[in-house]
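Enquirer: Got a file for you: run_20.tsv, TSV, N, CA and C atoms.
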```
chain	number	residue	atom	x	y	z
I	1	MET	N	125.78	125.90	132.85
I	1	MET	CA	126.07	126.86	133.92
I	1	MET	C	127.56	126.79	134.22
I	2	ASP	N	128.25	127.92	134.09
I	2	ASP	CA	129.68	127.92	134.36
I	2	ASP	C	129.93	128.18	135.85
I	3	GLN	N	131.20	128.13	136.24
I	3	GLN	CA	131.57	128.24	137.65
I	3	GLN	C	131.21	129.60	138.24
I	4	ALA	N	131.34	130.67	137.47
I	4	ALA	CA	131.03	132.01	137.98
I	4	ALA	C	129.54	132.15	138.27
I	5	GLN	N	128.70	131.62	137.39
I	5	GLN	CA	127.26	131.66	137.62
I	5	GLN	C	126.86	130.82	138.82
I	6	LEU	N	127.47	129.66	138.97
I	6	LEU	CA	127.19	128.79	140.11
I	6	LEU	C	127.59	129.47	141.41
I	7	LEU	N	128.78	130.04	141.44
I	7	LEU	CA	129.25	130.73	142.63
I	7	LEU	C	128.35	131.91	142.97
I	8	SER	N	127.95	132.65	141.97
I	8	SER	CA	127.05	133.79	142.19
I	8	SER	C	125.71	133.33	142.76
I	9	SER	N	125.16	132.27	142.22
I	9	SER	CA	123.89	131.74	142.72
I	9	SER	C	124.01	131.23	144.15
I	10	LEU	N	125.12	130.57	144.45
I	10	LEU	CA	125.34	130.07	145.81
I	10	LEU	C	125.47	131.22	146.81
I	11	LEU	N	126.20	132.26	146.43
I	11	LEU	CA	126.36	133.40	147.32
I	11	LEU	C	125.04	134.13	147.56
I	12	VAL	N	124.22	134.25	146.54
I	12	VAL	CA	122.91	134.88	146.71
I	12	VAL	C	122.04	134.05	147.64
I	13	SER	N	122.06	132.74	147.48
I	13	SER	CA	121.27	131.85	148.33
I	13	SER	C	121.70	131.96	149.79
I	14	VAL	N	122.98	131.98	150.03
I	14	VAL	CA	123.48	132.12	151.39
I	14	VAL	C	123.22	133.53	151.91
I	15	GLY	N	123.33	134.53	151.04
I	15	GLY	CA	123.11	135.92	151.44
I	15	GLY	C	121.70	136.18	151.94
I	16	TYR	N	120.72	135.46	151.39
I	16	TYR	CA	119.35	135.62	151.86
I	16	TYR	C	119.19	135.18	153.31
I	17	ARG	N	119.96	134.22	153.72
I	17	ARG	CA	119.85	133.68	155.08
I	17	ARG	C	120.80	134.34	156.08
I	18	LEU	N	121.72	135.14	155.59
I	18	LEU	CA	122.72	135.75	156.45
I	18	LEU	C	122.13	136.64	157.54
I	19	PRO	N	121.17	137.52	157.27
I	19	PRO	CA	120.61	138.34	158.35
I	19	PRO	C	119.98	137.51	159.47
I	20	VAL	N	119.31	136.44	159.10
I	20	VAL	CA	118.71	135.57	160.11
I	20	VAL	C	119.79	134.90	160.95
I	21	MET	N	120.84	134.43	160.31
I	21	MET	CA	121.93	133.78	161.05
I	21	MET	C	122.64	134.77	161.98
I	22	ILE	N	122.80	136.01	161.54
I	22	ILE	CA	123.41	137.03	162.40
I	22	ILE	C	122.52	137.29	163.60
I	23	ALA	N	121.21	137.41	163.37
I	23	ALA	CA	120.28	137.65	164.48
I	23	ALA	C	120.29	136.48	165.46
I	24	LEU	N	120.32	135.27	164.96
I	24	LEU	CA	120.37	134.10	165.85
I	24	LEU	C	121.69	134.05	166.61
I	25	GLY	N	122.77	134.45	165.98
I	25	GLY	CA	124.06	134.51	166.67
I	25	GLY	C	124.06	135.54	167.79
I	26	VAL	N	123.48	136.70	167.54
I	26	VAL	CA	123.37	137.74	168.57
I	26	VAL	C	122.52	137.23	169.73
I	27	ALA	N	121.40	136.57	169.41
I	27	ALA	CA	120.54	136.02	170.45
I	27	ALA	C	121.27	134.97	171.27
I	28	LEU	N	122.09	134.18	170.62
I	28	LEU	CA	122.87	133.17	171.33
I	28	LEU	C	123.86	133.81	172.30
I	29	VAL	N	124.53	134.86	171.86
I	29	VAL	CA	125.47	135.56	172.74
I	29	VAL	C	124.74	136.16	173.94
I	30	LEU	N	123.57	136.73	173.70
I	30	LEU	CA	122.79	137.30	174.80
I	30	LEU	C	122.37	136.23	175.80
I	31	LEU	N	121.98	135.07	175.30
I	31	LEU	CA	121.55	133.99	176.19
I	31	LEU	C	122.70	133.38	176.97
I	32	LEU	N	123.87	133.33	176.38
I	32	LEU	CA	125.01	132.74	177.08
I	32	LEU	C	125.39	133.55	178.32
I	33	GLY	N	125.07	134.84	178.33
I	33	GLY	CA	125.34	135.68	179.49
I	33	GLY	C	124.26	135.65	180.54
I	34	ALA	N	123.15	134.99	180.26
I	34	ALA	CA	122.03	134.93	181.21
I	34	ALA	C	122.30	133.86	182.27
I	35	PRO	N	121.70	134.03	183.45
I	35	PRO	CA	121.88	133.01	184.49
I	35	PRO	C	121.27	131.67	184.07
I	36	LYS	N	121.86	130.59	184.55
I	36	LYS	CA	121.38	129.26	184.19
I	36	LYS	C	120.01	129.03	184.80
I	37	ALA	N	119.09	128.59	183.95
I	37	ALA	CA	117.73	128.29	184.37
I	37	ALA	C	117.09	127.40	183.32
I	38	VAL	N	115.93	126.87	183.64
I	38	VAL	CA	115.22	126.02	182.69
I	38	VAL	C	114.84	126.82	181.44
I	39	ALA	N	114.42	128.06	181.64
I	39	ALA	CA	114.03	128.89	180.50
I	39	ALA	C	115.22	129.15	179.57
I	40	ARG	N	116.39	129.35	180.15
I	40	ARG	CA	117.60	129.58	179.34
I	40	ARG	C	117.93	128.34	178.52
I	41	SER	N	117.85	127.17	179.13
I	41	SER	CA	118.13	125.92	178.41
I	41	SER	C	117.14	125.73	177.26
I	42	ALA	N	115.87	126.00	177.52
I	42	ALA	CA	114.85	125.86	176.47
I	42	ALA	C	115.11	126.86	175.34
I	43	ALA	N	115.49	128.07	175.69
I	43	ALA	CA	115.77	129.08	174.68
I	43	ALA	C	117.01	128.70	173.85
I	44	LEU	N	118.01	128.12	174.48
I	44	LEU	CA	119.19	127.67	173.75
I	44	LEU	C	118.83	126.54	172.78
I	45	TRP	N	117.98	125.62	173.22
I	45	TRP	CA	117.52	124.55	172.33
I	45	TRP	C	116.73	125.13	171.17
I	46	ALA	N	115.90	126.13	171.46
I	46	ALA	CA	115.12	126.78	170.40
I	46	ALA	C	116.03	127.44	169.38
I	47	LEU	N	117.05	128.15	169.85
I	47	LEU	CA	117.98	128.80	168.92
I	47	LEU	C	118.75	127.77	168.10
I	48	ALA	N	119.14	126.68	168.73
I	48	ALA	CA	119.84	125.63	167.99
I	48	ALA	C	118.94	125.05	166.90
I	49	THR	N	117.67	124.86	167.22
I	49	THR	CA	116.71	124.35	166.24
I	49	THR	C	116.54	125.33	165.09
I	50	LEU	N	116.41	126.61	165.42
I	50	LEU	CA	116.23	127.62	164.37
I	50	LEU	C	117.47	127.76	163.50
I	51	MET	N	118.65	127.67	164.10
I	51	MET	CA	119.89	127.72	163.32
I	51	MET	C	120.00	126.52	162.39
I	52	ALA	N	119.66	125.35	162.90
I	52	ALA	CA	119.74	124.13	162.09
I	52	ALA	C	118.76	124.20	160.91
I	53	THR	N	117.55	124.68	161.16
I	53	THR	CA	116.58	124.75	160.06
I	53	THR	C	117.01	125.78	159.02
I	54	THR	N	117.62	126.86	159.46
I	54	THR	CA	118.11	127.87	158.51
I	54	THR	C	119.22	127.30	157.63
I	55	LEU	N	120.15	126.59	158.25
I	55	LEU	CA	121.26	126.00	157.48
I	55	LEU	C	120.77	124.89	156.56
I	56	LEU	N	119.87	124.05	157.05
I	56	LEU	CA	119.34	122.99	156.20
I	56	LEU	C	118.49	123.55	155.06
I	57	GLY	N	117.80	124.65	155.31
I	57	GLY	CA	117.05	125.32	154.24
I	57	GLY	C	117.98	125.84	153.16
I	58	ALA	N	119.13	126.34	153.57
I	58	ALA	CA	120.12	126.80	152.59
I	58	ALA	C	120.64	125.63	151.75
I	59	VAL	N	120.85	124.50	152.39
I	59	VAL	CA	121.32	123.31	151.65
I	59	VAL	C	120.26	122.86	150.65
I	60	LEU	N	119.00	122.86	151.08
I	60	LEU	CA	117.92	122.45	150.17
I	60	LEU	C	117.78	123.42	149.00
I	61	ALA	N	118.04	124.69	149.23
I	61	ALA	CA	117.94	125.67	148.15
I	61	ALA	C	119.10	125.54	147.15
I	62	VAL	N	120.24	125.11	147.63
I	62	VAL	CA	121.44	125.02	146.79
I	62	VAL	C	121.49	123.69	146.02
I	63	LEU	N	120.84	122.67	146.54
I	63	LEU	CA	120.92	121.35	145.93
I	63	LEU	C	120.55	121.32	144.45
I	64	PRO	N	119.44	121.95	144.02
I	64	PRO	CA	119.15	121.93	142.57
I	64	PRO	C	120.22	122.62	141.74
I	65	LEU	N	120.80	123.69	142.28
I	65	LEU	CA	121.86	124.39	141.55
I	65	LEU	C	123.07	123.49	141.34
I	66	LEU	N	123.40	122.72	142.36
I	66	LEU	CA	124.54	121.83	142.24
I	66	LEU	C	124.28	120.72	141.22
I	67	LEU	N	123.04	120.23	141.19
I	67	LEU	CA	122.70	119.20	140.20
I	67	LEU	C	122.72	119.76	138.78
I	68	ILE	N	122.26	121.01	138.63
I	68	ILE	CA	122.31	121.64	137.31
I	68	ILE	C	123.76	121.84	136.87
I	69	ALA	N	124.59	122.30	137.79
I	69	ALA	CA	126.00	122.52	137.45
I	69	ALA	C	126.70	121.21	137.08
I	70	ALA	N	126.27	120.11	137.72
I	70	ALA	CA	126.88	118.81	137.43
I	70	ALA	C	126.29	118.20	136.15
I	71	GLY	N	125.22	118.80	135.61
I	71	GLY	CA	124.60	118.27	134.41
I	71	GLY	C	123.74	117.05	134.66
I	72	ASP	N	123.34	116.83	135.91
I	72	ASP	CA	122.54	115.66	136.28
I	72	ASP	C	121.06	116.03	136.21
I	73	PHE	N	120.55	116.20	134.98
I	73	PHE	CA	119.19	116.68	134.78
I	73	PHE	C	118.13	115.62	135.09
I	74	ASP	N	118.49	114.35	135.00
I	74	ASP	CA	117.53	113.29	135.29
I	74	ASP	C	117.11	113.29	136.75
I	75	ARG	N	118.03	113.57	137.65
I	75	ARG	CA	117.71	113.56	139.08
I	75	ARG	C	116.93	114.80	139.50
I	76	ILE	N	117.00	115.88	138.74
I	76	ILE	CA	116.29	117.10	139.09
I	76	ILE	C	114.78	116.89	138.99
I	77	VAL	N	114.34	116.10	138.04
I	77	VAL	CA	112.91	115.86	137.84
I	77	VAL	C	112.31	115.20	139.09
I	78	GLY	N	112.97	114.22	139.64
I	78	GLY	CA	112.47	113.53	140.83
I	78	GLY	C	112.73	114.28	142.11
I	79	LEU	N	113.59	115.25	142.05
I	79	LEU	CA	113.97	115.98	143.26
I	79	LEU	C	112.88	116.94	143.74
I	80	ASN	N	112.02	117.39	142.86
I	80	ASN	CA	111.02	118.39	143.21
I	80	ASN	C	110.12	117.93	144.35
I	81	THR	N	109.64	116.71	144.30
I	81	THR	CA	108.78	116.19	145.36
I	81	THR	C	109.53	116.12	146.68
I	82	TRP	N	110.75	115.63	146.63
I	82	TRP	CA	111.54	115.50	147.87
I	82	TRP	C	111.90	116.86	148.46
I	83	LEU	N	112.14	117.84	147.61
I	83	LEU	CA	112.40	119.19	148.11
I	83	LEU	C	111.17	119.78	148.79
I	84	GLY	N	110.00	119.52	148.23
I	84	GLY	CA	108.76	119.98	148.86
I	84	GLY	C	108.57	119.36	150.22
I	85	ILE	N	108.80	118.06	150.32
I	85	ILE	CA	108.69	117.37	151.61
I	85	ILE	C	109.73	117.91	152.59
I	86	GLY	N	110.94	118.12	152.12
I	86	GLY	CA	112.00	118.65	152.98
I	86	GLY	C	111.69	120.04	153.50
I	87	HIS	N	111.19	120.90	152.62
I	87	HIS	CA	110.84	122.26	153.06
I	87	HIS	C	109.68	122.24	154.05
I	88	PHE	N	108.72	121.34	153.84
I	88	PHE	CA	107.61	121.22	154.78
I	88	PHE	C	108.11	120.76	156.16
I	89	ALA	N	109.00	119.77	156.17
I	89	ALA	CA	109.55	119.27	157.43
I	89	ALA	C	110.34	120.37	158.14
I	90	LEU	N	111.11	121.14	157.37
I	90	LEU	CA	111.87	122.24	157.98
I	90	LEU	C	110.94	123.31	158.53
I	91	SER	N	109.83	123.56	157.87
I	91	SER	CA	108.86	124.54	158.37
I	91	SER	C	108.26	124.07	159.69
I	92	LEU	N	107.96	122.80	159.79
I	92	LEU	CA	107.44	122.26	161.05
I	92	LEU	C	108.48	122.37	162.16
I	93	LEU	N	109.71	122.05	161.85
I	93	LEU	CA	110.78	122.14	162.84
I	93	LEU	C	111.02	123.59	163.26
I	94	GLU	N	110.93	124.51	162.32
I	94	GLU	CA	111.08	125.92	162.63
I	94	GLU	C	109.94	126.40	163.53
I	95	ALA	N	108.74	125.92	163.27
I	95	ALA	CA	107.60	126.28	164.12
I	95	ALA	C	107.81	125.77	165.55
I	96	VAL	N	108.35	124.58	165.69
I	96	VAL	CA	108.66	124.05	167.03
I	96	VAL	C	109.69	124.94	167.71
I	97	GLY	N	110.68	125.40	166.99
I	97	GLY	CA	111.68	126.29	167.57
I	97	GLY	C	111.08	127.60	168.06
I	98	PHE	N	110.17	128.17	167.27
I	98	PHE	CA	109.53	129.42	167.69
I	98	PHE	C	108.64	129.22	168.91
I	99	VAL	N	107.91	128.12	168.95
I	99	VAL	CA	107.05	127.85	170.11
I	99	VAL	C	107.91	127.62	171.35
I	100	LEU	N	109.00	126.90	171.22
I	100	LEU	CA	109.90	126.67	172.34
I	100	LEU	C	110.52	127.98	172.83
I	101	LEU	N	110.87	128.84	171.91
I	101	LEU	CA	111.42	130.15	172.29
I	101	LEU	C	110.38	130.99	173.02
I	102	ALA	N	109.14	130.98	172.54
I	102	ALA	CA	108.07	131.72	173.20
I	102	ALA	C	107.78	131.14	174.58
I	103	TRP	N	107.82	129.82	174.71
I	103	TRP	CA	107.60	129.19	176.01
I	103	TRP	C	108.69	129.60	177.01
I	104	ALA	N	109.94	129.61	176.54
I	104	ALA	CA	111.04	130.01	177.41
I	104	ALA	C	110.89	131.47	177.86
I	105	LEU	N	110.48	132.32	176.96
I	105	LEU	CA	110.28	133.72	177.30
I	105	LEU	C	109.15	133.87	178.31
I	106	ALA	N	108.05	133.18	178.08
I	106	ALA	CA	106.92	133.26	179.01
I	106	ALA	C	107.31	132.72	180.38
I	107	ARG	N	108.05	131.63	180.43
I	107	ARG	CA	108.47	131.08	181.71
I	107	ARG	C	109.40	132.04	182.45
I	108	ALA	N	110.32	132.65	181.71
I	108	ALA	CA	111.24	133.60	182.35
I	108	ALA	C	110.49	134.82	182.88
I	109	LEU	N	109.53	135.30	182.12
I	109	LEU	CA	108.77	136.46	182.58
I	109	LEU	C	107.89	136.14	183.77
I	110	ARG	N	107.31	134.94	183.80
I	110	ARG	CA	106.49	134.53	184.95
I	110	ARG	C	107.33	134.38	186.21
I	111	SER	N	108.53	133.81	186.07
I	111	SER	CA	109.38	133.64	187.26
I	111	SER	C	109.91	134.99	187.75
I	112	GLN	N	110.09	135.93	186.84
I	112	GLN	CA	110.53	137.26	187.24
I	112	GLN	C	109.40	138.01	187.94
I	113	ALA	N	108.17	137.80	187.53
I	113	ALA	CA	107.03	138.46	188.15
I	113	ALA	C	106.79	137.97	189.55
I	114	LYS	N	107.11	136.70	189.83
I	114	LYS	CA	106.92	136.13	191.18
I	114	LYS	C	107.95	136.69	192.15
I	115	ALA	N	109.12	137.05	191.65
I	115	ALA	CA	110.21	137.51	192.54
I	115	ALA	C	110.02	138.93	193.01
```
What does the file become when written as structure tokens?

Expert:
Amino acid sequence: MDQAQLLSSLLVSVGYRLPVMIALGVALVLLLGAPKAVARSAALWALATLMATTLLGAVLAVLPLLLIAAGDFDRIVGLNTWLGIGHFALSLLEAVGFVLLAWALARALRSQAKA
């Protein structure tokens, strides 16, 4: 794999996650303008969790490409199991982020209904 193919593969991998990162960035900007409350703090934590899982997912997707480019084929064989475990852990963390975001939204809507 030459440098142009590696760069192309890396850009495609990052490009798949770009719309999600843009959406999370927009959500972050919207939340920063909201009044300080428990729901806002929970939503900010949820967004931080979702951003971290998206970035770590990109790293996990790029790791085999980097090993192939380096010619380290022996480590690729053992990497498959660890990548599966890593993706599973990231999926669990992402689920926690979504639940936390939904909880923050429900709390904000309930407090608004009481007012």

Enquirer: Residues within 8 Å of Ala27 (chain I), please, as a tab-separated table (two decimals) with N, CA and C atoms, keeping the file's coordinate frame. Count only C-alpha atoms; anything in the same chain fewer than 4 positions from it doesn't count.

Expert:
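Generated file (result.tsv):
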```tsv
chain	number	residue	atom	x	y	z
I	23	ALA	N	121.21	137.41	163.37
I	23	ALA	CA	120.28	137.65	164.48
I	23	ALA	C	120.29	136.48	165.46
I	31	LEU	N	121.98	135.07	175.30
I	31	LEU	CA	121.55	133.99	176.19
I	31	LEU	C	122.70	133.38	176.97
I	47	LEU	N	117.05	128.15	169.85
I	47	LEU	CA	117.98	128.80	168.92
I	47	LEU	C	118.75	127.77	168.10
```

Enquirer: Between atom N of Trp103 (chain I) and CA of Ala48 (chain I), what is the spacing in Å?

Expert: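 Those two atoms sit 14.4 Å apart.
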
Enquirer: So that I can check the surroundings of Asn80 (chain I), please list as a count of residues only every protein, DNA and RNA residue that reaches within 12 Å of it, counting only C-alpha atoms and ignoring chain neighbours fewer than 6 positions away.

Expert: 8

Enquirer: Using CA of Leu66 (chain I) and CA of Gly25 (chain I) as the two end points, give the distance in Å to one decimal.

Expert: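 Computed distance, CA of Leu66 (chain I) to CA of Gly25 (chain I), equals 27.5 Å.
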
Enquirer: Ranking I:Ala39, I:Ala46, I:Val77, I:Gly84 by minimum distance to Arg107 (chain I) and counting only N, CA and C atoms, which one comes first?

Expert: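 Counting only N, CA and C atoms, the residue closest to Arg107 (chain I) is I:Ala39.
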
Enquirer: Mind checking which residues fall within 7 Å of Gly97 (chain I), counting all atoms listed in the file, ignoring those fewer than 2 positions away in the same chain, and posting them as a PyMOL selection string?

Expert: chain I and resi 45-47+49-50+92-95+99-102

Enquirer: Have a look at CA of Gly57 (chain I) and CA of Val12 (chain I) and let me know their distance in Å, one decimal.

Expert: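 Between CA of Gly57 (chain I) and CA of Val12 (chain I) the gap is 13.5 Å.
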
Enquirer: If you count only C-alpha atoms, which residues fall within 12 Å of Leu11 (chain I), apart from same-chain ones fewer than 6 positions away, as a list in words?

Expert: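 Surrounding residues, per the criterion: Ala4, Gln5, Arg17, Leu18, Ala58, Ala61, Val62 and Leu65 of chain I.
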